[in-house]
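Containing mmCIF, C-alpha atoms: my_file.cif.
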```
data_my_file
loop_
_atom_site.label_atom_id
_atom_site.label_comp_id
_atom_site.auth_asym_id
_atom_site.auth_seq_id
_atom_site.Cartn_x
_atom_site.Cartn_y
_atom_site.Cartn_z
CA MET A 1 133.55 78.61 103.41
CA LYS A 2 130.54 76.36 103.99
CA ILE A 3 127.32 77.43 102.32
CA ARG A 4 123.90 75.74 102.37
CA ILE A 5 121.34 76.86 99.79
CA ILE A 6 117.65 75.98 100.08
CA GLY A 7 114.60 76.97 98.08
CA SER A 8 111.71 75.53 96.15
CA VAL A 9 112.08 73.61 92.91
CA GLY A 10 113.00 76.09 90.16
CA SER A 11 114.11 78.84 92.56
CA GLY A 12 117.69 78.90 91.24
CA LYS A 13 119.53 76.80 93.84
CA THR A 14 121.73 74.92 91.37
CA THR A 15 122.48 78.01 89.29
CA LEU A 16 123.54 79.95 92.39
CA ALA A 17 125.61 77.02 93.69
CA LYS A 18 127.44 76.73 90.35
CA LYS A 19 128.15 80.48 90.26
CA LEU A 20 129.45 80.48 93.83
CA SER A 21 131.50 77.37 93.14
CA ASP A 22 133.12 78.99 90.10
CA LEU A 23 133.65 82.28 91.91
CA GLU A 24 135.16 80.80 95.05
CA GLY A 25 136.67 77.55 93.77
CA VAL A 26 134.62 75.63 96.32
CA PRO A 27 133.02 72.30 95.35
CA PHE A 28 129.22 72.17 95.27
CA PHE A 29 126.95 69.24 95.94
CA GLU A 30 123.28 68.62 95.15
CA THR A 31 121.14 66.94 97.79
CA ASP A 32 119.27 65.19 94.94
CA ARG A 33 122.48 63.29 94.21
CA ILE A 34 122.67 62.28 97.86
CA VAL A 35 119.07 61.04 97.82
CA TRP A 36 119.27 59.26 94.47
CA LYS A 37 121.78 56.81 92.99
CA ARG A 38 121.69 57.74 89.33
CA GLU A 39 123.12 54.95 87.27
CA GLN A 40 121.07 53.10 84.65
CA THR A 41 117.99 53.58 86.82
CA GLU A 42 117.27 55.84 89.76
CA VAL A 43 117.39 54.15 93.13
CA ARG A 44 116.58 55.96 96.36
CA ARG A 45 119.33 55.66 98.97
CA THR A 46 118.56 54.49 102.49
CA GLU A 47 118.67 56.93 105.44
CA PRO A 48 122.05 55.56 106.64
CA GLU A 49 123.49 55.90 103.12
CA LYS A 50 122.31 59.51 102.86
CA ARG A 51 123.72 60.35 106.29
CA GLU A 52 127.08 58.81 105.40
CA LEU A 53 127.33 60.67 102.08
CA LEU A 54 126.43 63.96 103.74
CA LYS A 55 128.97 63.29 106.50
CA GLN A 56 131.70 62.82 103.86
CA ILE A 57 130.77 66.15 102.28
CA ILE A 58 130.55 68.23 105.45
CA CYS A 59 133.88 66.91 106.70
CA GLN A 60 135.56 68.80 103.86
CA PRO A 61 137.01 72.24 104.71
CA ASP A 62 134.85 74.07 102.13
CA TRP A 63 131.59 73.18 100.42
CA ILE A 64 128.38 74.44 98.94
CA ILE A 65 125.36 72.20 99.36
CA GLU A 66 122.16 73.01 97.52
CA GLY A 67 118.81 71.33 97.63
CA VAL A 68 115.27 71.40 98.85
CA HIS A 69 115.81 68.61 101.37
CA ILE A 70 115.29 69.50 105.00
CA GLU A 71 114.66 66.01 106.39
CA SER A 72 116.52 64.78 109.48
CA TRP A 73 119.45 63.34 107.49
CA ALA A 74 120.09 66.79 105.91
CA MET A 75 119.91 68.92 109.08
CA GLU A 76 123.62 68.69 109.83
CA SER A 77 124.33 70.65 106.63
CA PHE A 78 122.41 73.61 108.12
CA THR A 79 124.20 73.32 111.46
CA GLN A 80 127.66 73.14 109.88
CA ALA A 81 127.09 75.91 107.32
CA ASP A 82 128.69 79.32 107.83
CA VAL A 83 125.92 80.82 105.70
CA VAL A 84 122.46 79.52 104.77
CA ILE A 85 120.88 81.13 101.72
CA PHE A 86 117.12 80.80 101.44
CA LEU A 87 115.80 81.51 97.94
CA ASP A 88 112.28 82.70 98.76
CA ILE A 89 111.45 83.63 95.18
CA PRO A 90 107.87 84.62 94.18
CA LYS A 91 105.73 81.86 92.72
CA HIS A 92 105.36 83.55 89.31
CA GLN A 93 109.15 83.64 88.90
CA ILE A 94 109.47 80.00 89.91
CA ARG A 95 106.73 78.92 87.49
CA TYR A 96 108.37 80.91 84.69
CA GLN A 97 111.72 79.28 85.45
CA LEU A 98 110.20 75.78 85.51
CA ILE A 99 108.51 76.29 82.12
CA LYS A 100 111.69 77.81 80.66
CA ARG A 101 113.73 74.85 81.95
CA GLN A 102 111.25 72.37 80.45
CA ILE A 103 111.48 74.08 77.04
CA LYS A 104 115.30 74.09 77.16
CA GLN A 105 115.27 70.40 78.03
CA LEU A 106 112.83 69.59 75.24
CA LEU A 107 115.13 71.43 72.80
CA ARG A 108 118.12 69.55 74.28
CA ILE A 109 119.79 72.85 75.28
CA GLU A 110 119.83 71.67 78.88
CA SER A 111 120.13 68.14 80.25
CA ALA A 112 117.56 66.53 82.53
CA HIS A 113 117.75 63.79 85.18
CA TYR A 114 114.13 62.84 84.61
CA PRO A 115 111.67 62.26 81.75
CA ILE A 116 110.73 65.52 80.04
CA ARG A 117 106.95 65.51 80.00
CA ILE A 118 104.06 67.79 80.90
CA LYS A 119 103.34 65.33 83.70
CA MET A 120 106.75 66.16 85.22
CA LEU A 121 106.11 69.90 84.94
CA LYS A 122 102.82 69.43 86.79
CA GLN A 123 104.70 67.41 89.41
CA MET A 124 107.16 70.29 89.86
CA PHE A 125 104.29 72.74 90.31
CA TYR A 126 102.92 70.38 92.96
CA TRP A 127 106.34 70.20 94.69
CA ASP A 128 106.46 74.00 94.71
CA GLU A 129 103.07 74.11 96.44
CA LEU A 130 104.21 71.44 98.90
CA PHE A 131 107.34 73.48 99.63
CA ASP A 132 105.20 76.47 100.58
CA ARG A 133 102.92 74.41 102.82
CA LYS A 134 105.39 72.06 104.52
CA THR A 135 108.99 73.20 104.08
CA LYS A 136 108.69 76.97 104.56
CA PRO A 137 107.38 76.66 108.14
CA ILE A 138 110.32 74.38 109.01
CA ILE A 139 112.71 76.91 107.44
CA GLN A 140 111.15 79.76 109.45
CA ASN A 141 111.77 77.81 112.68
CA LYS A 142 115.31 76.87 111.65
CA ARG A 143 116.11 80.52 110.83
CA MET A 144 115.14 81.53 114.38
CA GLU A 145 117.83 79.24 115.83
CA GLU A 146 120.73 81.15 114.20
CA PRO A 147 119.31 84.19 112.38
CA GLN A 148 122.73 85.80 111.92
CA LYS A 149 123.83 83.17 109.41
CA TRP A 150 120.69 83.19 107.25
CA LEU A 151 120.29 85.27 104.10
CA THR A 152 116.89 85.40 102.45
CA ILE A 153 116.65 86.29 98.78
CA LYS A 154 113.20 87.47 97.71
CA LYS A 155 114.04 88.52 94.13
CA LYS A 156 116.37 87.11 91.48
CA SER A 157 117.95 90.58 91.19
CA GLU A 158 119.25 90.23 94.76
CA ILE A 159 121.42 87.25 93.78
CA LYS A 160 124.04 89.48 92.15
CA LYS A 161 124.38 91.45 95.41
CA ILE A 162 124.75 88.22 97.39
CA LEU A 163 127.47 86.98 95.04
CA GLN A 164 129.38 90.25 95.51
CA THR A 165 128.93 90.13 99.28
CA ILE A 166 130.13 86.56 99.58
CA SER A 167 133.01 87.24 97.22
CA SER A 168 134.16 90.18 99.36
CA ARG A 169 133.83 88.00 102.50
CA ASP A 170 131.64 90.53 104.32
CA ILE A 171 129.25 87.74 105.07
CA VAL A 172 131.37 85.17 106.93
#
```

Represent the structure contained in this file as structure tokens.
Amino acid sequence: MKIRIIGSVGSGKTTLAKKLSDLEGVPFFETDRIVWKREQTEVRRTEPEKRELLKQIICQPDWIIEGVHIESWAMESFTQADVVIFLDIPKHQIRYQLIKRQIKQLLRIESAHYPIRIKMLKQMFYWDELFDRKTKPIIQNKRMEEPQKWLTIKKKSEIKKILQTISSRDIV
């Protein structure tokens, strides 16, 4: 099983990937960890480095890849996926999730890969707007290429149904 999950920041990509990974015993990968070397400091990988890391992942028999990235280096993950799940969650739910995540991180209930500040929350709101303007049109075009393998989730409540469908293998 090869699953690619895409959606805006705060849409639930990582949560869904973790649940599917646990359910199916399939490893999941975050595109953020392909883009960034996270050691003492964050360093952005070069295009060839990102392509090579992605190639190593998609050569595996099973995988789940989640992330907002739809740049040229990431396109092969869409091509190779058996299923592409697009989390097209309403803006009010995304904003709620982003604020909730920020609070959990401030209370140290949840870890963060970035500084926890209001400035970062504003940046995430900006990224969400950017996703709507720039990434969604690309996704719409990509969906037209192979519509049979795309699932679009419009509400968080639909995720449970998707998990059951994938678990029962009706989808692939």

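The coordinates place atom CA of A:Ile153 at 5.7 Å from atom CA of A:Asp88.
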
Review point. Neighbours of A:Gly10 within 7 Å (only C-alpha atoms; same-chain residues fewer than 5 positions away dropped), as a ChimeraX atom specification?
Key: /A:94,97-98

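Picked out by the PyMOL selection byres ((chain A and resi 9) around 10) when it runs on this file: Ile6, Gly7, Ser8, Gly10, Ser11, Gly12, Lys13, Thr14, Gly67, Val68, Ile94, Arg95, Gln97, Leu98, Met124, Phe125, Tyr126, Trp127, Asp128, Glu129 and Phe131 of chain A.
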
Point to revise | Spatial sel., origin (120.6, 69.5, 96.6), limit 7 Å, all atoms listed in the file, listed as number ranges by chain | key: A: 29-33, 65-69

Exercise for review: May I ask for the distance between atom CA of A:Pro27 and atom CA of A:Asp62, given in Å to one decimal place?
Suggested key: 7.2 Å

Review point. Please, which residues are within 6 Å of (118.3, 81.1, 100.5) by the file's coordinates, counting all atoms listed in the file, and could they come as a PyMOL selection string?
Key: chain A and resi 5-6+85-87+151-153

Store the residues picked out above in a file with C-alpha atoms, as a compact mmCIF listing (two decimals), in the coordinates of the input.
```
# COMPACT_ATOMS: atom_id res chain seq x y z
CA ILE A 5 121.34 76.86 99.79
CA ILE A 6 117.65 75.98 100.08
CA ILE A 85 120.88 81.13 101.72
CA PHE A 86 117.12 80.80 101.44
CA LEU A 87 115.80 81.51 97.94
CA LEU A 151 120.29 85.27 104.10
CA THR A 152 116.89 85.40 102.45
CA ILE A 153 116.65 86.29 98.78
```

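In this comparison, which uses all atoms listed in the file, the residue of A:Lys2, A:Lys104, A:Arg44, A:Ile139 approaching A:Cys59 most closely is A:Lys2.
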
**Study point:** Shell of 12 Å around stretch 53-58 of chain A, only C-alpha atoms, local chain residues under 6 positions omitted, as a PyMOL selection string
**Key:** chain A and resi 1-4+26-37+45-47+64-66+69+72-82

Study note, to complete from the structure: re atom CA of A:Trp150 and atom CA of A:Gln60: distance 21.0 Å

Exercise for review: Name the residues captured by the PyMOL selection byres ((chain A and resi 102) around 12) when it is applied to the shown file; answer as JSON, numbers by chain.
Suggested key: {"A": [10, 95, 96, 97, 98, 99, 100, 101, 103, 104, 105, 106, 107, 108, 109, 110, 111, 112, 113, 114, 115, 116, 117, 118, 119, 120, 121, 122, 124]}

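You can rank A:Val43, A:Glu52, A:Lys134, A:Glu145 by their closest distance to A:Val84 using all atoms listed in the file, and at the top of that list sits A:Glu145.
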